[in-house]
$ cat model37.txt   # compact mmCIF, C-alpha atoms
# COMPACT_ATOMS: atom_id res chain seq x y z
CA MET A 9 136.69 -127.30 14.69
CA ALA A 10 134.65 -130.22 13.42
CA GLY A 11 132.71 -129.75 10.25
CA MET A 12 134.66 -126.67 9.12
CA SER A 13 137.14 -126.19 6.34
CA SER A 14 140.69 -125.92 7.53
CA SER A 15 141.60 -122.67 5.78
CA PHE A 16 140.15 -119.36 4.72
CA PRO A 17 140.63 -117.86 1.26
CA GLY A 18 142.76 -114.75 1.53
CA THR A 19 140.77 -112.62 -0.89
CA VAL A 20 137.41 -112.30 -2.55
CA THR A 21 138.45 -113.33 -6.02
CA SER A 22 135.56 -112.11 -8.17
CA SER A 23 136.46 -109.13 -10.33
CA ALA A 24 132.81 -108.05 -10.62
CA PRO A 25 131.82 -104.63 -9.22
CA CYS A 26 130.60 -104.42 -5.65
CA VAL A 27 126.82 -104.82 -5.49
CA ALA A 28 124.25 -104.75 -2.75
CA ALA A 29 122.99 -107.98 -1.24
CA ALA A 30 119.62 -109.23 -2.39
CA PRO A 31 116.89 -107.89 -0.09
CA GLY A 32 115.63 -110.48 2.34
CA SER A 33 118.49 -112.89 1.71
CA ARG A 34 119.96 -114.76 4.65
CA HIS A 35 123.15 -112.74 4.40
CA SER A 36 121.67 -109.39 3.41
CA LEU A 37 123.24 -106.43 5.18
CA PRO A 38 121.72 -103.33 6.74
CA GLN A 39 120.40 -100.78 4.26
CA GLY A 40 123.23 -98.88 2.65
CA ALA A 41 125.92 -101.43 3.48
CA PRO A 42 127.44 -102.96 0.33
CA ARG A 43 128.16 -106.66 -0.02
CA LEU A 44 131.67 -107.24 -1.30
CA HIS A 45 131.90 -109.00 -4.65
CA CYS A 46 135.12 -107.19 -5.48
CA LYS A 47 138.66 -108.19 -4.65
CA ALA A 48 139.40 -107.33 -1.04
CA SER A 49 141.37 -108.79 1.83
CA PHE A 50 139.59 -110.34 4.78
CA GLY A 51 141.09 -107.56 6.86
CA ASP A 52 138.85 -105.15 4.90
CA LEU A 53 135.70 -107.23 5.14
CA HIS A 54 134.79 -105.99 8.61
CA ALA A 55 133.37 -102.79 7.17
CA THR A 56 130.88 -104.88 5.23
CA PHE A 57 129.70 -106.67 8.34
CA GLU A 58 128.69 -103.55 10.30
CA GLY A 59 125.30 -103.94 11.84
CA MET A 60 125.37 -107.74 11.68
CA ARG A 61 124.66 -109.58 14.91
CA GLN A 62 128.06 -111.23 14.88
CA SER A 63 130.09 -108.50 13.20
CA ASN A 64 132.70 -108.34 15.96
CA ILE A 65 133.31 -112.07 15.70
CA VAL A 66 133.51 -112.06 11.91
CA ASP A 67 135.90 -109.14 12.04
CA LYS A 68 138.29 -110.97 14.36
CA ILE A 69 138.16 -114.16 12.31
CA GLY A 70 138.80 -112.12 9.18
CA LYS A 71 141.95 -110.70 10.73
CA LEU A 72 143.07 -114.16 11.80
CA ALA A 73 142.79 -115.27 8.18
CA ASP A 74 145.53 -112.81 7.24
CA LYS A 75 147.97 -114.79 9.43
CA PRO A 76 149.00 -118.07 7.75
CA ASN A 77 149.89 -119.80 11.00
CA LEU A 78 146.40 -119.11 12.36
CA ALA A 79 144.44 -119.63 9.14
CA SER A 80 143.49 -123.25 9.74
CA SER A 81 141.32 -122.51 12.78
CA PRO A 82 140.86 -119.77 15.39
CA PRO A 83 142.94 -120.47 18.52
CA VAL A 84 141.33 -122.71 21.12
CA ALA A 85 141.44 -120.01 23.79
CA TYR A 86 139.68 -117.63 21.41
CA GLN A 87 137.04 -120.24 20.60
CA GLN A 88 136.39 -120.85 24.27
CA ARG A 89 136.12 -117.16 25.03
CA ILE A 90 133.42 -116.32 22.47
CA GLY A 91 131.90 -119.77 22.14
CA ARG A 92 132.55 -122.49 19.60
CA LYS A 93 129.05 -122.28 18.17
CA ALA A 94 129.38 -118.54 17.57
CA VAL A 95 132.73 -119.03 15.86
CA ARG A 96 131.27 -121.76 13.64
CA GLN A 97 128.33 -119.57 12.62
CA ALA A 98 130.58 -116.60 11.95
CA VAL A 99 132.92 -118.65 9.79
CA VAL A 100 130.00 -119.93 7.70
CA MET A 101 128.86 -116.34 7.21
CA THR A 102 132.39 -115.21 6.38
CA ARG A 103 132.71 -117.86 3.70
CA ALA A 104 129.36 -117.02 2.17
CA LEU A 105 130.18 -113.33 1.98
CA ALA A 106 133.68 -113.98 0.67
CA SER A 107 132.30 -115.98 -2.24
CA GLY A 108 129.82 -113.26 -3.10
CA GLY A 109 127.17 -114.43 -0.66
CA GLU A 110 124.85 -115.41 -3.52
CA SER A 111 122.16 -117.79 -2.40
CA LYS A 112 121.70 -120.72 -4.76
CA ASN A 113 118.63 -122.84 -5.43
CA ILE A 114 120.10 -126.30 -4.85
CA LEU A 115 118.75 -129.78 -5.47
CA ILE A 116 120.30 -132.74 -3.67
CA MET A 117 119.56 -136.15 -5.11
CA GLY A 118 119.41 -138.08 -1.86
CA GLY A 119 120.29 -136.25 1.32
CA THR A 120 118.58 -138.27 4.04
CA ARG A 121 121.52 -140.35 5.15
CA PHE A 122 125.24 -140.00 5.83
CA ILE A 123 126.94 -137.73 3.24
CA GLY A 124 123.77 -135.88 2.32
CA LEU A 125 122.86 -135.18 5.94
CA PHE A 126 126.09 -133.30 6.59
CA LEU A 127 126.22 -131.63 3.17
CA ALA A 128 122.66 -130.32 3.35
CA ARG A 129 123.30 -128.73 6.72
CA GLN A 130 126.37 -126.90 5.51
CA LEU A 131 124.51 -125.58 2.48
CA VAL A 132 121.52 -124.45 4.53
CA ALA A 133 123.82 -122.80 7.07
CA ALA A 134 125.49 -120.88 4.23
CA GLY A 135 122.14 -119.41 3.21
CA HIS A 136 121.27 -121.57 0.21
CA GLN A 137 117.81 -122.91 -0.54
CA VAL A 138 118.11 -126.70 -0.38
CA THR A 139 115.62 -129.25 -1.67
CA LEU A 140 116.05 -133.00 -1.21
CA PHE A 141 114.76 -135.43 -3.84
CA THR A 142 114.07 -138.80 -2.21
CA ARG A 143 111.66 -141.71 -2.44
CA GLY A 144 110.16 -140.64 0.86
CA LYS A 145 110.85 -143.94 2.58
CA ALA A 146 112.97 -142.27 5.26
CA PRO A 147 112.19 -139.08 7.20
CA VAL A 148 113.14 -136.02 5.20
CA THR A 149 115.05 -134.60 8.14
CA LYS A 150 116.93 -136.46 10.84
CA GLN A 151 118.58 -135.02 13.91
CA LEU A 152 122.33 -135.53 13.85
CA PRO A 153 124.18 -136.92 16.86
CA GLY A 154 125.30 -133.96 18.95
CA GLU A 155 122.95 -131.56 17.20
CA SER A 156 120.82 -129.44 19.53
CA ASP A 157 117.03 -129.40 19.26
CA GLU A 158 117.23 -125.75 18.26
CA GLU A 159 119.75 -126.40 15.49
CA PHE A 160 117.67 -129.28 14.19
CA SER A 161 114.51 -127.21 14.26
CA VAL A 162 116.12 -124.42 12.27
CA TYR A 163 117.46 -126.85 9.68
CA SER A 164 114.15 -128.71 9.38
CA SER A 165 112.24 -125.47 8.83
CA LYS A 166 114.45 -124.48 5.90
CA VAL A 167 114.99 -127.66 3.89
CA LYS A 168 112.42 -128.61 1.23
CA HIS A 169 111.49 -131.98 -0.25
CA ILE A 170 110.38 -133.51 -3.53
CA GLN A 171 109.20 -137.11 -3.33
CA GLY A 172 109.82 -139.33 -6.32
CA ASP A 173 111.75 -142.23 -7.79
CA ARG A 174 114.76 -141.26 -9.86
CA GLN A 175 114.41 -144.54 -11.75
CA ASP A 176 111.07 -143.28 -13.08
CA PHE A 177 112.72 -141.08 -15.68
CA ASP A 178 109.54 -139.52 -17.07
CA GLY A 179 108.24 -138.81 -13.58
CA LEU A 180 111.59 -137.39 -12.51
CA LYS A 181 111.70 -135.04 -15.47
CA GLU A 182 108.13 -133.92 -14.86
CA LYS A 183 108.78 -133.16 -11.17
CA LEU A 184 111.92 -131.12 -11.89
CA THR A 185 110.75 -129.18 -14.95
CA GLY A 186 110.19 -125.53 -14.11
CA THR A 187 111.74 -125.75 -10.65
CA GLY A 188 114.63 -123.49 -11.60
CA PHE A 189 117.30 -125.36 -9.68
CA GLN A 190 120.69 -123.80 -10.32
CA ILE A 191 122.87 -126.48 -8.75
CA VAL A 192 122.47 -130.25 -8.49
CA TYR A 193 124.37 -132.37 -5.97
CA ASP A 194 124.01 -135.98 -7.04
CA ILE A 195 124.94 -138.04 -4.01
CA ASN A 196 123.30 -141.35 -4.89
CA GLY A 197 123.66 -141.57 -8.67
CA ARG A 198 125.00 -144.85 -10.03
CA GLU A 199 124.36 -144.80 -13.78
CA GLY A 200 124.70 -142.19 -16.48
CA LYS A 201 121.16 -142.83 -17.69
CA GLU A 202 119.87 -141.57 -14.33
CA VAL A 203 121.36 -138.14 -15.02
CA GLU A 204 119.93 -137.38 -18.46
CA PRO A 205 116.35 -136.68 -17.27
CA ILE A 206 117.72 -134.22 -14.72
CA LEU A 207 119.73 -132.36 -17.33
CA ASP A 208 116.77 -132.32 -19.71
CA ALA A 209 114.50 -130.88 -17.01
CA LEU A 210 116.98 -128.19 -15.95
CA PRO A 211 118.33 -126.54 -19.14
CA GLY A 212 119.63 -123.54 -17.22
CA LEU A 213 121.65 -125.60 -14.76
CA GLU A 214 124.77 -123.80 -13.55
CA GLN A 215 126.65 -126.83 -12.16
CA TYR A 216 126.20 -130.57 -11.68
CA ILE A 217 128.24 -131.90 -8.76
CA PHE A 218 128.57 -135.67 -8.71
CA CYS A 219 129.66 -138.10 -5.99
CA SER A 220 131.80 -140.67 -7.78
CA SER A 221 134.28 -143.09 -6.20
CA ALA A 222 138.01 -143.74 -6.11
CA GLY A 223 137.00 -147.33 -6.81
CA VAL A 224 136.94 -146.45 -10.51
CA TYR A 225 140.74 -146.49 -10.76
CA LEU A 226 142.49 -149.41 -12.43
CA LYS A 227 144.55 -151.40 -9.95
CA SER A 228 148.16 -150.27 -10.20
CA ASP A 229 151.61 -150.90 -8.77
CA GLN A 230 152.23 -147.15 -8.79
CA LEU A 231 150.46 -145.24 -6.05
CA PRO A 232 148.90 -142.99 -4.90
CA HIS A 233 146.19 -142.78 -7.53
CA LEU A 234 146.02 -139.43 -9.28
CA GLU A 235 142.95 -138.02 -11.00
CA VAL A 236 144.63 -138.59 -14.39
CA ASP A 237 145.31 -142.29 -13.74
CA ALA A 238 143.78 -145.04 -15.84
CA VAL A 239 140.30 -146.15 -14.83
CA ASP A 240 138.90 -149.66 -14.82
CA PRO A 241 136.05 -150.14 -17.35
CA LYS A 242 135.15 -153.37 -15.54
CA SER A 243 134.94 -151.74 -12.13
CA ARG A 244 131.76 -152.28 -10.16
CA HIS A 245 131.64 -148.47 -10.23
CA LYS A 246 131.55 -148.40 -14.02
CA GLY A 247 128.24 -146.54 -13.89
CA LYS A 248 129.94 -143.64 -12.14
CA LEU A 249 132.54 -143.49 -14.91
CA ASP A 250 129.73 -143.44 -17.46
CA THR A 251 128.14 -140.57 -15.56
CA GLU A 252 131.34 -138.52 -15.67
CA THR A 253 131.63 -139.17 -19.41
CA LEU A 254 128.01 -138.17 -19.97
CA LEU A 255 128.37 -134.93 -18.01
CA GLN A 256 131.43 -134.01 -20.02
CA SER A 257 129.60 -134.66 -23.29
CA LYS A 258 126.58 -132.54 -22.34
CA GLY A 259 128.53 -129.33 -21.94
CA VAL A 260 127.08 -128.53 -18.53
CA PRO A 261 129.57 -127.25 -15.92
CA TRP A 262 130.22 -130.31 -13.78
CA THR A 263 132.49 -131.50 -11.00
CA SER A 264 133.11 -135.04 -9.80
CA ILE A 265 134.31 -136.00 -6.33
CA ARG A 266 136.03 -139.38 -5.86
CA PRO A 267 136.18 -140.37 -2.19
CA VAL A 268 138.11 -143.42 -0.99
CA TYR A 269 136.69 -145.04 2.18
CA ILE A 270 134.32 -142.66 3.97
CA TYR A 271 133.78 -142.88 7.71
CA GLY A 272 132.10 -140.84 10.41
CA PRO A 273 128.87 -140.65 12.43
CA LEU A 274 125.89 -142.41 10.77
CA ASN A 275 128.10 -144.35 8.37
CA TYR A 276 125.96 -147.11 6.88
CA ASN A 277 128.93 -148.93 5.35
CA PRO A 278 130.79 -151.29 7.71
CA VAL A 279 134.11 -149.44 7.83
CA GLU A 280 134.86 -148.32 11.37
CA GLU A 281 131.74 -150.10 12.60
CA TRP A 282 133.33 -153.47 11.79
CA PHE A 283 136.32 -152.71 14.04
CA PHE A 284 134.30 -151.10 16.82
CA GLN A 285 132.01 -154.13 17.06
CA ARG A 286 134.93 -156.44 17.68
CA LEU A 287 136.53 -154.07 20.14
CA GLU A 288 133.25 -153.71 22.04
CA ALA A 289 132.94 -157.50 22.23
CA GLY A 290 136.53 -157.90 23.42
CA ARG A 291 137.34 -160.17 20.48
CA PRO A 292 140.54 -160.59 18.45
CA ILE A 293 140.49 -158.67 15.18
CA PRO A 294 141.14 -160.91 12.14
CA VAL A 295 143.06 -158.99 9.46
CA PRO A 296 144.28 -160.31 6.08
CA ALA A 297 148.02 -160.98 6.26
CA PRO A 298 150.37 -159.24 6.55
CA GLY A 299 148.23 -156.37 7.86
CA LEU A 300 150.53 -153.85 6.23
CA GLN A 301 148.26 -153.18 3.27
CA ILE A 302 148.00 -149.40 2.93
CA THR A 303 144.71 -147.61 2.46
CA GLN A 304 143.02 -144.28 3.18
CA LEU A 305 139.99 -143.11 5.12
CA GLY A 306 138.27 -139.73 4.89
CA HIS A 307 135.83 -138.23 7.39
CA VAL A 308 132.34 -137.46 6.10
CA LYS A 309 132.46 -133.89 7.41
CA ASP A 310 135.67 -133.23 5.48
CA LEU A 311 134.00 -134.69 2.40
CA ALA A 312 131.00 -132.38 2.88
CA ASN A 313 133.41 -129.44 3.14
CA ALA A 314 134.97 -130.41 -0.18
CA PHE A 315 131.56 -130.61 -1.82
CA VAL A 316 130.84 -127.07 -0.64
CA LYS A 317 134.23 -125.86 -1.86
CA VAL A 318 133.47 -126.78 -5.48
CA LEU A 319 130.11 -124.97 -5.47
CA ALA A 320 130.10 -122.18 -8.10
CA ASN A 321 133.89 -122.53 -8.23
CA GLU A 322 134.97 -122.04 -11.83
CA LYS A 323 138.28 -123.77 -11.13
CA ALA A 324 136.30 -126.93 -10.42
CA TYR A 325 134.30 -126.96 -13.65
CA GLY A 326 135.03 -130.07 -15.70
CA GLN A 327 137.32 -131.41 -12.98
CA VAL A 328 137.65 -134.58 -10.92
CA TYR A 329 138.97 -134.48 -7.35
CA ASN A 330 140.15 -137.23 -5.03
CA ILE A 331 138.90 -136.53 -1.51
CA SER A 332 140.04 -138.41 1.59
CA GLY A 333 142.26 -138.16 4.65
CA SER A 334 145.70 -136.55 4.57
CA LYS A 335 147.55 -139.66 5.77
CA TYR A 336 147.58 -143.26 4.66
CA VAL A 337 147.14 -146.10 7.11
CA THR A 338 147.71 -149.85 7.24
CA PHE A 339 145.00 -152.38 8.05
CA ASP A 340 146.63 -153.00 11.41
CA GLY A 341 146.85 -149.25 11.90
CA ILE A 342 143.08 -148.88 11.48
CA ALA A 343 142.47 -151.47 14.20
CA LYS A 344 144.84 -149.67 16.55
CA ALA A 345 143.39 -146.24 15.71
CA CYS A 346 139.85 -147.48 16.40
CA ALA A 347 140.99 -148.87 19.74
CA LYS A 348 142.56 -145.56 20.68
CA ALA A 349 139.50 -143.62 19.55
CA GLY A 350 137.18 -145.76 21.65
CA GLY A 351 139.42 -145.92 24.71
CA PHE A 352 140.10 -149.65 24.35
CA ALA A 353 143.28 -151.50 25.17
CA THR A 354 145.68 -152.35 22.36
CA PRO A 355 143.75 -154.87 20.26
CA GLU A 356 144.78 -158.44 19.60
CA ILE A 357 145.25 -158.61 15.85
CA VAL A 358 145.23 -162.02 14.18
CA HIS A 359 146.54 -162.34 10.63
CA TYR A 360 145.21 -164.90 8.17
CA ASN A 361 145.57 -165.79 4.50
CA PRO A 362 142.22 -165.19 2.75
CA LYS A 363 143.12 -167.84 0.14
CA ASP A 364 142.92 -170.49 2.83
CA PHE A 365 139.20 -169.86 3.34
CA ASP A 366 135.97 -169.98 1.40
CA PHE A 367 133.45 -167.66 2.99
CA GLY A 368 130.95 -167.85 0.16
CA LYS A 369 129.13 -164.55 -0.25
CA LYS A 370 130.13 -163.32 3.19
CA LYS A 371 132.85 -160.70 3.59
CA ALA A 372 135.37 -161.53 6.28
CA PHE A 373 136.94 -158.07 6.13
CA PRO A 374 135.33 -154.75 5.15
CA LEU A 375 138.13 -153.35 2.96
CA ARG A 376 139.58 -154.52 -0.34
CA ASP A 377 142.68 -156.63 0.24
CA GLN A 378 145.21 -154.46 -1.59
CA HIS A 379 147.05 -151.16 -1.38
CA PHE A 380 144.43 -148.53 -2.20
CA PHE A 381 144.95 -144.82 -1.65
CA THR A 382 144.93 -141.54 -3.57
CA SER A 383 146.65 -138.19 -3.74
CA ILE A 384 144.47 -135.30 -2.56
CA ALA A 385 147.02 -132.66 -3.61
CA LYS A 386 144.90 -131.40 -6.50
CA ALA A 387 141.96 -130.61 -4.20
CA GLU A 388 144.23 -129.01 -1.62
CA THR A 389 145.81 -126.78 -4.25
CA GLU A 390 142.87 -125.85 -6.44
CA LEU A 391 140.06 -125.77 -3.87
CA ASP A 392 141.91 -124.33 -0.89
CA TRP A 393 140.66 -127.38 1.00
CA ALA A 394 142.34 -129.72 3.45
CA PRO A 395 141.05 -132.44 5.78
CA GLU A 396 140.42 -131.16 9.24
CA PHE A 397 140.24 -134.54 10.96
CA SER A 398 143.25 -136.70 11.69
CA LEU A 399 142.36 -140.38 11.61
CA VAL A 400 142.23 -140.84 15.39
CA ASP A 401 140.33 -137.58 15.90
CA GLY A 402 137.86 -138.53 13.19
CA LEU A 403 137.33 -142.01 14.59
CA THR A 404 136.87 -140.50 18.04
CA ASP A 405 134.20 -138.23 16.61
CA SER A 406 132.49 -141.22 15.01
CA TYR A 407 132.69 -143.32 18.17
CA ASN A 408 131.55 -140.64 20.59
CA LEU A 409 128.65 -139.41 18.47
CA ASP A 410 127.50 -142.73 17.11
CA PHE A 411 129.00 -146.18 17.50
CA GLY A 412 130.09 -145.66 21.09
CA ARG A 413 126.42 -145.19 21.91
CA GLY A 414 125.66 -148.65 20.62
CA THR A 415 123.89 -147.35 17.53
CA PHE A 416 125.27 -149.85 15.05
CA ARG A 417 123.64 -150.08 11.63
CA LYS A 418 123.75 -153.88 11.57
CA GLU A 419 123.94 -156.55 14.22
CA ALA A 420 127.46 -157.87 14.65
CA ASP A 421 128.21 -161.07 12.72
CA PHE A 422 131.30 -162.91 13.97
CA SER A 423 130.70 -166.12 12.03
CA THR A 424 133.62 -165.64 9.63
CA ASP A 425 135.82 -164.55 12.54
CA ASP A 426 135.05 -167.80 14.34
CA VAL A 427 135.99 -169.86 11.28
CA ILE A 428 139.30 -168.02 10.99
CA LEU A 429 140.13 -168.18 14.68
CA GLU A 430 139.25 -171.86 14.93
CA LYS A 431 141.49 -172.79 12.01
CA LEU A 432 144.34 -170.73 13.43
CA GLY A 433 143.84 -172.24 16.87
CA THR A 434 143.19 -168.85 18.47
CA LYS A 435 140.98 -168.87 21.54
CA THR A 436 138.26 -166.28 21.81
CA VAL A 437 137.76 -164.84 25.25
CA VAL A 438 134.77 -162.52 25.23
CA ALA A 439 134.91 -159.64 27.70
CA ALA A 440 132.31 -159.76 30.45
$ encode --input "model37.txt" --output "structure tokens"
Amino acid sequence: MAGMSSSFPGTVTSSAPCVAAAPGSRHSLPQGAPRLHCKASFGDLHATFEGMRQSNIVDKIGKLADKPNLASSPPVAYQQRIGRKAVRQAVVMTRALASGGESKNILIMGGTRFIGLFLARQLVAAGHQVTLFTRGKAPVTKQLPGESDEEFSVYSSKVKHIQGDRQDFDGLKEKLTGTGFQIVYDINGREGKEVEPILDALPGLEQYIFCSSAGVYLKSDQLPHLEVDAVDPKSRHKGKLDTETLLQSKGVPWTSIRPVYIYGPLNYNPVEEWFFQRLEAGRPIPVPAPGLQITQLGHVKDLANAFVKVLANEKAYGQVYNISGSKYVTFDGIAKACAKAGGFATPEIVHYNPKDFDFGKKKAFPLRDQHFFTSIAKAETELDWAPEFSLVDGLTDSYNLDFGRGTFRKEADFSTDDVILEKLGTKTVVAA
């Protein structure tokens, strides 16, 4: 099921005594019903859910979680019988209760586009209080493709907003002082100096969760990249490395997520969009030779799931995690997967040597021309997380909910394509 983690934890791992849910909380139970903080199997959780609107659904999902072969997702027939939306809501509630159900006061730096849009919704759905800090240039809330008016209305009514400029360090500190945020998700941070005012304003911060990048790794002949691999101090993502170093030095519990290439609905980076534009136009797809360069794409909803998995997770404190898809793919393979996802014929792929061309400041291809992929084993093992989307399924989701509707972020630019195709003597026949 899209947007959900692929597995359920088998037990509630906290050793704290069982306590009652906070009155009035999103996941509070009927009077007299305890909320489980103690160690218990999901098979025992149903007693806790008595009186809840969806208790019968949660109970059945809890029992499914005890069966390893069914743990990744409730069976399709079961989903259809009780309704996918109901299953999704029950799973969110199950997760919240299994982790103690404690509502957190969360600040997201960013949150009005792509990653933040999906992350904020998951956090709100889990019962947390979410506040977005943005410059206010874009609407605070935006309806997601495929999201119902009712779902959007509920989300919009719950999310809060602080308008400001994070580059105005004094102003940022002033706006955050006294707010009592327990958790910070920093989605758009680029430099370590941007983080210090936040830490100064929130001395009681419980966790700082940072969106870094796999682009920090030093280019290597030995792949996949592991979290312990050497990093490149000259990387264009050097600021993200500095941020990780700063967080470690401050003593605050922190977690850093390093995605590779992110794709999915509302992607503002030209990853899948670049391929879909050429497929839509019926054009050949120029790919740096030999087209067998191996890389890795991860769906934004899987990334959002990973961000939620590290929340208040002591295993994740002081840790870095690579997050992306479960399989690697060649450049040619991406073109073919995009074609399959969009229902296009097998694409005509044209290979060229980038050294034979001078494109100036223009990029002729959206991905770095090298092998570039990571191991996600650490996240799978320590966070009980796994990507839900296969590449074709994820690209299909992106195409159907976004790019297939013609909602491209930028107008297609085929100027570099034309230079390549002309030099190679390849004729371009645009589909009618």
$ residues_near_point --input "model37.txt" --point "(117.1, -130.5, 12.7)" --cutoff "12 Å" --atoms "all atoms listed in the file" --output "mmCIF file with C-alpha atoms, in the frame of the given file"
data_model
loop_
_atom_site.group_PDB
_atom_site.id
_atom_site.type_symbol
_atom_site.label_atom_id
_atom_site.label_comp_id
_atom_site.auth_asym_id
_atom_site.auth_seq_id
_atom_site.Cartn_x
_atom_site.Cartn_y
_atom_site.Cartn_z
ATOM 1 C CA THR A 120 118.580 -138.270 4.040
ATOM 2 C CA LEU A 125 122.860 -135.180 5.940
ATOM 3 C CA PHE A 126 126.090 -133.300 6.590
ATOM 4 C CA ALA A 128 122.660 -130.320 3.350
ATOM 5 C CA ARG A 129 123.300 -128.730 6.720
ATOM 6 C CA VAL A 132 121.520 -124.450 4.530
ATOM 7 C CA ALA A 133 123.820 -122.800 7.070
ATOM 8 C CA PRO A 147 112.190 -139.080 7.200
ATOM 9 C CA VAL A 148 113.140 -136.020 5.200
ATOM 10 C CA THR A 149 115.050 -134.600 8.140
ATOM 11 C CA LYS A 150 116.930 -136.460 10.840
ATOM 12 C CA GLN A 151 118.580 -135.020 13.910
ATOM 13 C CA LEU A 152 122.330 -135.530 13.850
ATOM 14 C CA PRO A 153 124.180 -136.920 16.860
ATOM 15 C CA GLY A 154 125.300 -133.960 18.950
ATOM 16 C CA GLU A 155 122.950 -131.560 17.200
ATOM 17 C CA SER A 156 120.820 -129.440 19.530
ATOM 18 C CA ASP A 157 117.030 -129.400 19.260
ATOM 19 C CA GLU A 158 117.230 -125.750 18.260
ATOM 20 C CA GLU A 159 119.750 -126.400 15.490
ATOM 21 C CA PHE A 160 117.670 -129.280 14.190
ATOM 22 C CA SER A 161 114.510 -127.210 14.260
ATOM 23 C CA VAL A 162 116.120 -124.420 12.270
ATOM 24 C CA TYR A 163 117.460 -126.850 9.680
ATOM 25 C CA SER A 164 114.150 -128.710 9.380
ATOM 26 C CA SER A 165 112.240 -125.470 8.830
ATOM 27 C CA LYS A 166 114.450 -124.480 5.900
ATOM 28 C CA VAL A 167 114.990 -127.660 3.890
#
$ closest_residue --input "model37.txt" --among "A:Leu226, A:Ile217, A:Ile123, A:Ala385" --to "A:Asn330" --atoms "only C-alpha atoms"
A:Ala385
$ closest_atom_pairs --input "model37.txt" --of "stretch 237-298 of chain A" --to "stretch 338-342 of chain A" --cutoff "10 Å" --atoms "all atoms listed in the file" --output "Markdown table"
| residue | atom | partner | partner_atom | distance |
| --- | --- | --- | --- | --- |
| A:Val279 | CA | A:Ile342 | CA | 9.7 |
| A:Glu280 | CA | A:Ile342 | CA | 8.2 |
| A:Phe283 | CA | A:Ile342 | CA | 8.2 |
| A:Ile293 | CA | A:Asp340 | CA | 9.2 |
| A:Pro294 | CA | A:Asp340 | CA | 9.7 |
| A:Val295 | CA | A:Phe339 | CA | 7.0 |
| A:Pro296 | CA | A:Phe339 | CA | 8.2 |
| A:Ala297 | CA | A:Phe339 | CA | 9.3 |
| A:Pro298 | CA | A:Asp340 | CA | 8.7 |
$ closest_residue --input "model37.txt" --among "A:Gly197, A:Gly326, A:Pro267, A:Pro355" --to "A:Glu288" --atoms "only C-alpha atoms"
A:Pro355
$ residues_around --input "model37.txt" --residues "A:Asn113" --least-positions-apart "4" --cutoff "9 Å" --atoms "only C-alpha atoms" --output "number ranges by chain"
A: 136-139, 188-192
$ closest_residue --input "model37.txt" --among "A:Tyr225, A:Gly135, A:Asn196, A:Phe352" --to "A:Ala289" --atoms "only C-alpha atoms"
A:Phe352
$ atom_distance --input "model37.txt" --atom1 "atom CA of A:Ala222" --atom2 "atom CA of A:Leu131"
24.2 Å
$ closest_residue --input "model37.txt" --among "A:Lys242, A:Lys431, A:Arg198, A:Lys258" --to "A:Phe365" --atoms "only C-alpha atoms"
A:Lys431
$ residues_around --input "model37.txt" --residues "A:Ala146" --least-positions-apart "3" --cutoff "12 Å" --atoms "only C-alpha atoms" --output "PyMOL selection string"
chain A and resi 118-121+140-143+149-150+169+171
$ residues_around --input "model37.txt" --residues "A:Asp426" --least-positions-apart "5" --cutoff "12 Å" --atoms "all atoms listed in the file" --output "PDB file with C-alpha atoms, in the frame of the given file"
ATOM      1  CA  ARG A 286     134.930-156.440  17.680  1.00  0.00           C
ATOM      2  CA  ARG A 291     137.340-160.170  20.480  1.00  0.00           C
ATOM      3  CA  PRO A 292     140.540-160.590  18.450  1.00  0.00           C
ATOM      4  CA  ILE A 293     140.490-158.670  15.180  1.00  0.00           C
ATOM      5  CA  PRO A 294     141.140-160.910  12.140  1.00  0.00           C
ATOM      6  CA  VAL A 358     145.230-162.020  14.180  1.00  0.00           C
ATOM      7  CA  PHE A 365     139.200-169.860   3.340  1.00  0.00           C
ATOM      8  CA  PHE A 367     133.450-167.660   2.990  1.00  0.00           C
ATOM      9  CA  ALA A 372     135.370-161.530   6.280  1.00  0.00           C
ATOM     10  CA  ASP A 421     128.210-161.070  12.720  1.00  0.00           C
ATOM     11  CA  LYS A 431     141.490-172.790  12.010  1.00  0.00           C
ATOM     12  CA  LEU A 432     144.340-170.730  13.430  1.00  0.00           C
ATOM     13  CA  GLY A 433     143.840-172.240  16.870  1.00  0.00           C
ATOM     14  CA  THR A 434     143.190-168.850  18.470  1.00  0.00           C
ATOM     15  CA  LYS A 435     140.980-168.870  21.540  1.00  0.00           C
ATOM     16  CA  THR A 436     138.260-166.280  21.810  1.00  0.00           C
ATOM     17  CA  VAL A 437     137.760-164.840  25.250  1.00  0.00           C
TER      18      VAL A 437
END
$ residues_around --input "model37.txt" --residues "A:Leu311" --least-positions-apart "2" --cutoff "9 Å" --atoms "all atoms listed in the file" --output "list in words"
Ile123, Leu127, Ile265, Pro267, Ile270, Gly306, His307, Val308, Lys309, Asn313, Ala314, Phe315, Val316, Ile331, Ser332 and Pro395 of chain A
$ atom_distance --input "model37.txt" --atom1 "atom CA of A:Ser257" --atom2 "atom CA of A:Asp173"
24.8 Å
$ residues_near_point --input "model37.txt" --point "(125.0, -144.5, 4.6)" --cutoff "8 Å" --atoms "all atoms listed in the file" --output "PyMOL selection string"
chain A and resi 121-123+274-277
$ residues_around --input "model37.txt" --residues "A:Ala238" --least-positions-apart "4" --cutoff "10 Å" --atoms "only C-alpha atoms" --output "list in words"
Val224, Tyr225, Leu226, Lys227, Ser228, His233 and Leu234 of chain A
$ write_last_selection --input "model37.txt" --atoms "C-alpha atoms" --output "tab-separated table (two decimals), in the frame of the given file"
chain	number	residue	atom	x	y	z
A	224	VAL	CA	136.94	-146.45	-10.51
A	225	TYR	CA	140.74	-146.49	-10.76
A	226	LEU	CA	142.49	-149.41	-12.43
A	227	LYS	CA	144.55	-151.40	-9.95
A	228	SER	CA	148.16	-150.27	-10.20
A	233	HIS	CA	146.19	-142.78	-7.53
A	234	LEU	CA	146.02	-139.43	-9.28
